[in-house]
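Just below is one structure, and these are the notes that go with it.
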Amino acid sequence: FGSGPNLGVPPSPEYSYIIFVSPVGNYFPGGKLTPINLRVSKHHQRAAERGCGHVKAFGNYAPCFKELAQAKKDGFHEVIYVDTVHNKYVEETGASNVFCVSKDGVVKTPQLGTILAGVTRQSVIEISRLKGWKVEEGRVSVDDFMNASEAFATGTGASITPIGRFVDGEHER
């Protein structure tokens with residue numbers, strides 16, 4: 001963070017770099033193998049094309065807090081966000097990447113651009129390819145998730161967590 005003596009819009013003449021280290025429990029309640037419930041948000045987007053959604057910055061998480069709080073009140077663990085252009089392609093949750101596996105065994109995950117490139121995401125992609133599984137990084141629609149044989153979230157805190165319930169308005173998987 002900027003820690004110089006100036007206050008305003010210009011870049012700071014000096015910066016402080018801080019690392020916080022603390023033990024943590026499971027990211028989602030119930031443990032790592034307990035399936036989570038996700039709700040699709042089509043009225044609130046997390047990041048826009050040509051924006052900074054691919055950067056790990058507080059400003060990318062803060063806009064999600066109100067939406068997430070309401071989702072939790074409604075019995076969901078997280079919110080899944082869609083693209084800002086077509087309003088139908090899955091991007092990620094507020095805090096993790098997502099994957100689905102089609103009924104014919106293709107592992108699908110949204111392409112990078114507006115989402116954060118996670119090390120767990122990349123590990124799943126690389127291991128899947130090493131196992132000989134077909135992996136597609138690209139546009140993954142809400143319908144792809146609705147029709148998937150399985151789905152999961154990945155992240156540093158989330159590890160690899162199964163998605164048990166995926167709700168888009170009146171439609172549910």
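Just so we're on the same page: first chain in the structure tokens is A, next is B, and so on; residues restart at 1 for each chain, and ligands are numbered from 1 in the order they show up.
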As a PyMOL selection string, please: every residue in range 33-172 of chain A that DSSP puts in helix (DSSP H, G or I).
chain A and resi 58-73+119-130+142-146
Determine, counting only C-alpha atoms, which protein, DNA and RNA residues have an atom within 9 Å of an atom of range 89-91 of chain A; residues of the same chain fewer than 4 positions away are not included. Present the result as number ranges by chain.
A: 40, 46-47, 80-85, 97-98, 109-112, 114-115, 139-143, 145
Which residues are near Trp133 in chain A? Cut-off 9 Å, only C-alpha atoms, ignore same chain within fewer than 6 positions. Put them as a ChimeraX atom specification.
/A:105-107,127
Write a file of the just-selected residues containing N, CA, C and O atoms, as a JSON list (two decimals), in the first residue's frame.
[["chain", "number", "residue", "atom", "x", "y", "z"],
["A", 105, "GLY", "N", -17.76, -36.10, -20.29],
["A", 105, "GLY", "CA", -16.46, -36.14, -19.62],
["A", 105, "GLY", "C", -15.51, -34.99, -19.89],
["A", 105, "GLY", "O", -14.35, -35.06, -19.50],
["A", 106, "VAL", "N", -15.97, -33.92, -20.53],
["A", 106, "VAL", "CA", -15.10, -32.77, -20.80],
["A", 106, "VAL", "C", -15.08, -31.85, -19.58],
["A", 106, "VAL", "O", -16.14, -31.43, -19.09],
["A", 107, "VAL", "N", -13.88, -31.54, -19.09],
["A", 107, "VAL", "CA", -13.71, -30.63, -17.97],
["A", 107, "VAL", "C", -13.73, -29.20, -18.53],
["A", 107, "VAL", "O", -12.91, -28.87, -19.39],
["A", 127, "ILE", "N", -3.33, -31.25, -14.11],
["A", 127, "ILE", "CA", -3.49, -32.65, -13.69],
["A", 127, "ILE", "C", -4.53, -33.35, -14.57],
["A", 127, "ILE", "O", -4.34, -34.50, -14.97]]
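Residue neighbourhood of Gly169 in chain A, excluding near-sequence residues (fewer than 4 positions): Leu38, Arg39, Val40, Ser41, Lys42, His43, Val142, Met146 and Arg173 of chain A, at 12 Å, using only C-alpha atoms.
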To one decimal place, how far is CA of Lys73 in chain A from CA of Val21 in chain A in Å?
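One can read the CA of Lys73 in chain A to CA of Val21 in chain A distance as 29.7 Å.
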Counting only C-alpha atoms, the residue of A:Asp168, A:Ala151, A:Lys103, A:Ala71 that sits nearest Lys88 in chain A
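Of A:Asp168, A:Ala151, A:Lys103, A:Ala71, the one nearest Lys88 in chain A, counting only C-alpha atoms, is A:Asp168.
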In Å, how far is it from CA of Gly157 in chain A to CA of Gly25 in chain A?
8.9 Å
